[in-house]
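> After the structure tokens below, expect a handful of questions from me.
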Amino acid sequence: MSRLEIRHWAGFAQRPFLAPERVRAYQDARIRRLIHRAFHNVAFYRRRFEEAGIRPEEIRGGADLQRLPILTKADLRMCRDGEMLARGVDEKSCIAEISSGTTGEPVRFVRTRGEEYALFAHRLRAQVLSGLRPWDVRMKIGSRPVRTLPHRLGLFRCDAVSDGQPHTRILAELEGKRFDVLSAMPGILDILLPLLSESKLRSRRLRRVFCGAELLSPATRRRLKETLGCPVVDFYGATEVNLIAWECVRCGLYHTCDDAVFAEVVTEDGRLAGAGEQGRLVLTALHSFAMPLIRYEIGDVVRRPAKSAACRIGFGTIDEIVGRLADHLPLPDGQWLGPCRLIEVAQSIDGVRRFRILQPTPVSVVIEVQREKEFGEEQAGRLRAGFEKLLPAEVRVEIREVDDIPLTARGKLRIVEAWRGGEDGVTSGVRIS
Ligand SMILES: [Zn+2]
């Protein structure tokens with residue numbers, strides 16, 4: 001283990017509480033090492049640096065990273081076999097993850113087992129900072145978690161209920177198990193909500209609900225909190241890097257996991273976003289050496305907070321995860337509309353149990369509504385008017401009542417399906433509105 005790694009783990013528990021300038025110094029040291037290793041061991045980066053006319057020693061920390069080009073999913077797809085892998089890495093002994101690839105072909109990411117455990121530790125630390133106690137049992141709705149050393153020692157125990165079964169069965173299984181923390185994707189929780197309000201789980205006094213892997217809407221969050229009577233904490237992560245940020249129970253903002261990723265929020269004109277501004281999230285993975293990700297555009301739009309938080313945690317902050325670039329709607333005049341305001345309109349209408357926004361062509365938007373009793377003509381009229389106000393006049397808005405809004409094969413709820421015309425590399429040129 002190198003000196004930097006020893007220093008990393010020795011200061012691991014306390015690092016979130018360091019002053020921001022000490023966190024930056026830590027990040028700079030890791031970035032220097034990452035750049036050095038990527039240049040000398042990874043064919044793709046050596047070529048990239050040489051093309052940009054940059055020597056690795058010129059990158060002294062996070063502030064210099066902006067001199068390097070942004071890495072996109074399209075860049076990764078165009079790589080030749082093995083070009084992104086560090087020399088000497090035995091791929092067979094690594095863990096490969098496939099990103100869901102909703103914007104095009106899926107991309108394969110490779111990590112060593114050591115790197116995988118490091119990322120797992122960062123996620124677990126964020127859960128502890130969010131109220132998880134070592135003796136709590138987490139119940140996950142979804143695939144069974146991998147057993148790690150703490151689990152085997154009886155700490156941070158974790159169990160799972162499969163999401164691939166009828167909803168009443170999921171609930172019955174949950175009622176039959178003992179646990180303190182419920183962990184699931186917001187889409188499945190949203191579907192279970194009507195059942196949860198009648199269930200025995202309400203009297204169980206759960207300590208926390210942990211959400212992640214897809215956008216948690218304010219409406220779902222509020223209903224979960226009311227129904228289960230405990231705090232709901234959102235963890236923002238991605239297949240490529242595991243945890244990116246988590247919602248702070250102290251200040252209410254999301255803290256970026258600054259000793260695992262170096263996060264830049266880049267505006268449309270290529271600047272770093274200032275207070276209250278939004279932009280594309282660009283990440284440098286500080287623990288990925290087998291397949292380095294340097295200035296990788298993850299495909300989400302986030303906003304920096306208007307005011308900095310007074311918080312014990314010194315890591316950087318994000319005010320809101322605004323949405324995925326893939327969810328932006330292209331408009332007939334060549335502009336793009338972010339999905340958030342449309343989602344807000346749909347959530348504000350009484351009687352809309354669940355919904356989905358489809359854009360089959362650039363000039364038509366279909367709102368699929370799974371309704372509750374109170375959804376009538378008046379509510380439908382308000383929903384249509386709200387959408388028409390945000391969209392140009394030539395876009396036709398249709399409301400379609402449906403019995404069910406299906407989840408994707410990976411159990412996710414895709415609220416927006418924007419028109420893409422079958423092109424690849426769809427997010428290039430997206431205007432962030
Ligand atoms: Zn905080």
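Residue names in the structure tokens use chain letters A, B, ... in the order shown, residue numbers from 1 in each chain, and ligand numbers from 1 in the order shown.
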Hey, which bits of chain A sit within 7 Å of ligand 1, and for each residue what's the closest pair of atoms and how far apart in Å (one decimal), counting only C-alpha atoms and all ligand atoms, rows by chain and increasing number, as CSV?


```
residue,atom,partner,partner_atom_place_in_ligand_line,distance
A:Cys248,CA,ligand 1,1 (Zn),4.6
A:Val249,CA,ligand 1,1 (Zn),6.7
A:Arg250,CA,ligand 1,1 (Zn),5.0
A:Cys251,CA,ligand 1,1 (Zn),4.0
A:Gly252,CA,ligand 1,1 (Zn),6.2
A:Leu253,CA,ligand 1,1 (Zn),5.9
A:His255,CA,ligand 1,1 (Zn),6.4
A:Ala309,CA,ligand 1,1 (Zn),6.7
A:Cys311,CA,ligand 1,1 (Zn),4.6
A:Arg312,CA,ligand 1,1 (Zn),6.5
A:Ile313,CA,ligand 1,1 (Zn),5.4
```

> Generate a file of the selected residues that holds all heavy atoms, formatted as a tab-separated table (two decimals), in the first residue's frame.


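Final output, selection-v3.tsv:
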```
chain	number	residue	atom	x	y	z
A	248	CYS	N	-27.44	15.86	2.95
A	248	CYS	CA	-26.95	16.04	4.32
A	248	CYS	C	-28.12	16.25	5.27
A	248	CYS	O	-28.96	17.11	5.04
A	248	CYS	CB	-26.00	17.23	4.35
A	248	CYS	SG	-25.38	17.63	5.98
A	249	VAL	N	-28.14	15.45	6.35
A	249	VAL	CA	-29.24	15.60	7.31
A	249	VAL	C	-29.08	16.88	8.14
A	249	VAL	O	-30.00	17.33	8.79
A	249	VAL	CB	-29.34	14.37	8.26
A	249	VAL	CG1	-29.86	13.16	7.52
A	249	VAL	CG2	-28.00	14.05	8.92
A	250	ARG	N	-27.87	17.49	8.08
A	250	ARG	CA	-27.64	18.70	8.87
A	250	ARG	C	-28.04	19.96	8.10
A	250	ARG	O	-28.79	20.78	8.58
A	250	ARG	CB	-26.17	18.78	9.27
A	250	ARG	CG	-25.75	17.65	10.18
A	250	ARG	CD	-24.24	17.57	10.32
A	250	ARG	NE	-23.87	16.48	11.19
A	250	ARG	CZ	-23.69	15.23	10.76
A	250	ARG	NH1	-23.86	14.91	9.50
A	250	ARG	NH2	-23.35	14.28	11.61
A	251	CYS	N	-27.51	20.13	6.87
A	251	CYS	CA	-27.75	21.39	6.14
A	251	CYS	C	-28.77	21.25	5.02
A	251	CYS	O	-29.21	22.25	4.45
A	251	CYS	CB	-26.44	21.94	5.60
A	251	CYS	SG	-25.74	20.94	4.28
A	252	GLY	N	-29.18	20.03	4.68
A	252	GLY	CA	-30.22	19.84	3.67
A	252	GLY	C	-29.71	19.87	2.23
A	252	GLY	O	-30.46	19.56	1.31
A	253	LEU	N	-28.43	20.24	2.02
A	253	LEU	CA	-27.87	20.22	0.66
A	253	LEU	C	-27.27	18.84	0.39
A	253	LEU	O	-27.16	18.02	1.30
A	253	LEU	CB	-26.78	21.29	0.53
A	253	LEU	CG	-27.22	22.74	0.68
A	253	LEU	CD1	-26.00	23.66	0.74
A	253	LEU	CD2	-28.15	23.17	-0.45
A	255	HIS	N	-23.88	16.87	-0.30
A	255	HIS	CA	-22.43	17.03	-0.25
A	255	HIS	C	-21.80	16.09	-1.27
A	255	HIS	O	-22.12	14.89	-1.27
A	255	HIS	CB	-21.87	16.67	1.12
A	255	HIS	CG	-22.16	17.73	2.16
A	255	HIS	ND1	-21.62	18.98	2.11
A	255	HIS	CD2	-22.97	17.70	3.24
A	255	HIS	CE1	-22.06	19.69	3.13
A	255	HIS	NE2	-22.88	18.94	3.82
A	309	ALA	N	-23.39	26.59	2.60
A	309	ALA	CA	-24.04	26.08	3.81
A	309	ALA	C	-23.13	26.25	5.02
A	309	ALA	O	-21.92	26.09	4.92
A	309	ALA	CB	-24.34	24.61	3.61
A	311	CYS	N	-22.13	24.24	7.66
A	311	CYS	CA	-22.28	22.81	7.98
A	311	CYS	C	-20.95	22.29	8.50
A	311	CYS	O	-19.89	22.75	8.11
A	311	CYS	CB	-22.68	22.04	6.73
A	311	CYS	SG	-23.09	20.33	7.07
A	312	ARG	N	-21.06	21.30	9.38
A	312	ARG	CA	-19.86	20.66	9.93
A	312	ARG	C	-19.08	19.93	8.85
A	312	ARG	O	-17.90	19.68	8.97
A	312	ARG	CB	-20.29	19.64	10.98
A	312	ARG	CG	-20.00	20.12	12.37
A	312	ARG	CD	-20.42	19.25	13.49
A	312	ARG	NE	-21.00	17.97	13.24
A	312	ARG	CZ	-20.48	16.82	13.65
A	312	ARG	NH1	-19.33	16.80	14.27
A	312	ARG	NH2	-21.10	15.68	13.45
A	313	ILE	N	-19.79	19.52	7.80
A	313	ILE	CA	-19.14	18.76	6.73
A	313	ILE	C	-18.53	19.74	5.72
A	313	ILE	O	-19.20	20.62	5.20
A	313	ILE	CB	-20.15	17.80	6.08
A	313	ILE	CG1	-20.53	16.78	7.16
A	313	ILE	CG2	-19.56	17.12	4.85
A	313	ILE	CD1	-21.45	15.71	6.76
```

> Please identify the alpha helix (DSSP H) residues within segment 12-206 of chain A (assignment by DSSP from backbone atoms) and present them as an NGL selection string.

:A and (20-41 or 43-52 or 73-78 or 113-129 or 149-152 or 167-175 or 186-196)

> Please identify which residues in segment 161-294 of chain A DSSP calls strand (DSSP E or B) from the backbone, and express them as a ChimeraX atom specification.

/A:161,181-184,208-212,232-238,242-247,254-256,261-266,272,278-285

> Hey, can you check how far atom CA of Asp163 of chain A sits from atom CA of Asp136 of chain A?

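Atom-to-atom, atom CA of Asp163 of chain A to atom CA of Asp136 of chain A, that is 21.7 Å.
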
> Within 12 Å of segment 113-126 of chain A, which residues of segment 256-306 of chain A come that close, and what is the closest atom pair and distance in Å for each? Count only C-alpha atoms and give it as a Markdown table.


```
| residue | atom | partner | partner_atom | distance |
| --- | --- | --- | --- | --- |
| A:Thr256 | CA | A:Ala126 | CA | 10.2 |
| A:Cys257 | CA | A:His122 | CA | 7.6 |
| A:Asp258 | CA | A:His122 | CA | 9.9 |
| A:Asp259 | CA | A:His122 | CA | 8.4 |
| A:Ala260 | CA | A:His122 | CA | 7.1 |
| A:Val261 | CA | A:Leu119 | CA | 10.0 |
| A:Ala285 | CA | A:Leu119 | CA | 10.0 |
| A:Leu286 | CA | A:Leu119 | CA | 9.9 |
| A:His287 | CA | A:Glu115 | CA | 6.2 |
| A:Ser288 | CA | A:Glu115 | CA | 6.4 |
| A:Phe289 | CA | A:Glu115 | CA | 8.1 |
| A:Ala290 | CA | A:Glu115 | CA | 8.4 |
| A:Met291 | CA | A:Glu115 | CA | 10.3 |
| A:Pro292 | CA | A:Glu115 | CA | 11.1 |
```

> Store the residues picked out above, limited to all heavy atoms, as an mmCIF file, in the first residue's frame.


```cif
data_model
loop_
_atom_site.group_PDB
_atom_site.id
_atom_site.type_symbol
_atom_site.label_atom_id
_atom_site.label_comp_id
_atom_site.auth_asym_id
_atom_site.auth_seq_id
_atom_site.Cartn_x
_atom_site.Cartn_y
_atom_site.Cartn_z
ATOM 1 N N THR A 256 -20.930 16.627 -2.122
ATOM 2 C CA THR A 256 -20.209 15.748 -3.030
ATOM 3 C C THR A 256 -19.213 14.930 -2.206
ATOM 4 O O THR A 256 -18.654 15.440 -1.231
ATOM 5 C CB THR A 256 -19.465 16.560 -4.101
ATOM 6 O OG1 THR A 256 -18.870 17.705 -3.489
ATOM 7 C CG2 THR A 256 -20.403 17.024 -5.194
ATOM 8 N N CYS A 257 -18.998 13.692 -2.597
ATOM 9 C CA CYS A 257 -18.093 12.813 -1.844
ATOM 10 C C CYS A 257 -16.669 13.132 -2.306
ATOM 11 O O CYS A 257 -16.080 12.442 -3.132
ATOM 12 C CB CYS A 257 -18.462 11.354 -2.095
ATOM 13 S SG CYS A 257 -17.593 10.256 -0.999
ATOM 14 N N ASP A 258 -16.111 14.217 -1.742
ATOM 15 C CA ASP A 258 -14.924 14.849 -2.317
ATOM 16 C C ASP A 258 -13.630 14.045 -2.218
ATOM 17 O O ASP A 258 -12.664 14.379 -2.888
ATOM 18 C CB ASP A 258 -14.700 16.224 -1.661
ATOM 19 C CG ASP A 258 -15.655 17.269 -2.214
ATOM 20 O OD1 ASP A 258 -16.349 16.968 -3.206
ATOM 21 O OD2 ASP A 258 -15.711 18.378 -1.653
ATOM 22 N N ASP A 259 -13.587 13.024 -1.360
ATOM 23 C CA ASP A 259 -12.368 12.222 -1.362
ATOM 24 C C ASP A 259 -12.521 10.980 -2.244
ATOM 25 O O ASP A 259 -11.601 10.183 -2.352
ATOM 26 C CB ASP A 259 -11.895 11.849 0.053
ATOM 27 C CG ASP A 259 -12.947 11.158 0.877
ATOM 28 O OD1 ASP A 259 -14.103 11.077 0.416
ATOM 29 O OD2 ASP A 259 -12.615 10.692 1.978
ATOM 30 N N ALA A 260 -13.684 10.858 -2.913
ATOM 31 C CA ALA A 260 -13.861 9.774 -3.895
ATOM 32 C C ALA A 260 -13.932 10.331 -5.316
ATOM 33 O O ALA A 260 -13.465 9.705 -6.247
ATOM 34 C CB ALA A 260 -15.126 8.983 -3.591
ATOM 35 N N VAL A 261 -14.544 11.505 -5.459
ATOM 36 C CA VAL A 261 -14.642 12.122 -6.796
ATOM 37 C C VAL A 261 -14.288 13.602 -6.709
ATOM 38 O O VAL A 261 -14.548 14.252 -5.702
ATOM 39 C CB VAL A 261 -16.075 12.004 -7.395
ATOM 40 C CG1 VAL A 261 -16.401 10.588 -7.786
ATOM 41 C CG2 VAL A 261 -17.140 12.593 -6.477
ATOM 42 N N ALA A 285 -12.693 10.427 -11.131
ATOM 43 C CA ALA A 285 -12.779 9.373 -10.108
ATOM 44 C C ALA A 285 -11.423 9.230 -9.437
ATOM 45 O O ALA A 285 -10.440 8.864 -10.094
ATOM 46 C CB ALA A 285 -13.214 8.061 -10.753
ATOM 47 N N LEU A 286 -11.345 9.507 -8.139
ATOM 48 C CA LEU A 286 -10.053 9.578 -7.461
ATOM 49 C C LEU A 286 -9.528 8.198 -7.030
ATOM 50 O O LEU A 286 -8.404 8.086 -6.558
ATOM 51 C CB LEU A 286 -10.141 10.509 -6.248
ATOM 52 C CG LEU A 286 -10.549 11.956 -6.582
ATOM 53 C CD1 LEU A 286 -10.649 12.785 -5.311
ATOM 54 C CD2 LEU A 286 -9.582 12.596 -7.556
ATOM 55 N N HIS A 287 -10.360 7.160 -7.174
ATOM 56 C CA HIS A 287 -9.909 5.812 -6.769
ATOM 57 C C HIS A 287 -9.905 4.835 -7.920
ATOM 58 O O HIS A 287 -9.832 3.635 -7.698
ATOM 59 C CB HIS A 287 -10.804 5.280 -5.640
ATOM 60 C CG HIS A 287 -10.641 6.052 -4.376
ATOM 61 N ND1 HIS A 287 -9.753 5.702 -3.400
ATOM 62 C CD2 HIS A 287 -11.225 7.200 -3.964
ATOM 63 C CE1 HIS A 287 -9.808 6.587 -2.426
ATOM 64 N NE2 HIS A 287 -10.697 7.503 -2.740
ATOM 65 N N SER A 288 -10.057 5.311 -9.144
ATOM 66 C CA SER A 288 -10.094 4.386 -10.288
ATOM 67 C C SER A 288 -8.788 4.494 -11.065
ATOM 68 O O SER A 288 -8.584 5.454 -11.812
ATOM 69 C CB SER A 288 -11.281 4.709 -11.191
ATOM 70 O OG SER A 288 -12.478 4.465 -10.496
ATOM 71 N N PHE A 289 -7.923 3.514 -10.858
ATOM 72 C CA PHE A 289 -6.635 3.488 -11.555
ATOM 73 C C PHE A 289 -6.612 2.418 -12.650
ATOM 74 O O PHE A 289 -5.880 2.540 -13.618
ATOM 75 C CB PHE A 289 -5.488 3.254 -10.566
ATOM 76 C CG PHE A 289 -5.302 4.410 -9.616
ATOM 77 C CD1 PHE A 289 -5.889 4.413 -8.366
ATOM 78 C CD2 PHE A 289 -4.547 5.517 -10.001
ATOM 79 C CE1 PHE A 289 -5.736 5.489 -7.510
ATOM 80 C CE2 PHE A 289 -4.380 6.603 -9.150
ATOM 81 C CZ PHE A 289 -4.982 6.580 -7.904
ATOM 82 N N ALA A 290 -7.434 1.356 -12.487
ATOM 83 C CA ALA A 290 -7.473 0.287 -13.495
ATOM 84 C C ALA A 290 -8.056 0.828 -14.799
ATOM 85 O O ALA A 290 -7.564 0.548 -15.876
ATOM 86 C CB ALA A 290 -8.303 -0.886 -12.984
ATOM 87 N N MET A 291 -9.123 1.628 -14.672
ATOM 88 C CA MET A 291 -9.711 2.289 -15.831
ATOM 89 C C MET A 291 -10.020 3.722 -15.395
ATOM 90 O O MET A 291 -11.106 4.011 -14.921
ATOM 91 C CB MET A 291 -10.987 1.562 -16.265
ATOM 92 C CG MET A 291 -11.674 2.234 -17.431
ATOM 93 S SD MET A 291 -13.146 1.306 -17.976
ATOM 94 C CE MET A 291 -13.946 2.580 -18.944
ATOM 95 N N PRO A 292 -9.031 4.614 -15.529
ATOM 96 C CA PRO A 292 -9.217 5.971 -14.989
ATOM 97 C C PRO A 292 -10.347 6.721 -15.705
ATOM 98 O O PRO A 292 -10.546 6.552 -16.908
ATOM 99 C CB PRO A 292 -7.865 6.641 -15.271
ATOM 100 C CG PRO A 292 -6.899 5.520 -15.482
ATOM 101 C CD PRO A 292 -7.697 4.420 -16.095
#
```

> Just to confirm, what's the straight-line distance from atom CA of Trp246 of chain A to atom CA of Glu268 of chain A in Å (one decimal)?

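Between atom CA of Trp246 of chain A and atom CA of Glu268 of chain A the gap works out to 24.8 Å.
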
> Kindly indicate which residue among A:Ile244, A:Ile349, A:Val107, A:Met1 lies nearest to Ile321 of chain A, using only C-alpha atoms for the distances.

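Among A:Ile244, A:Ile349, A:Val107, A:Met1, it is A:Ile244 that comes nearest to Ile321 of chain A.
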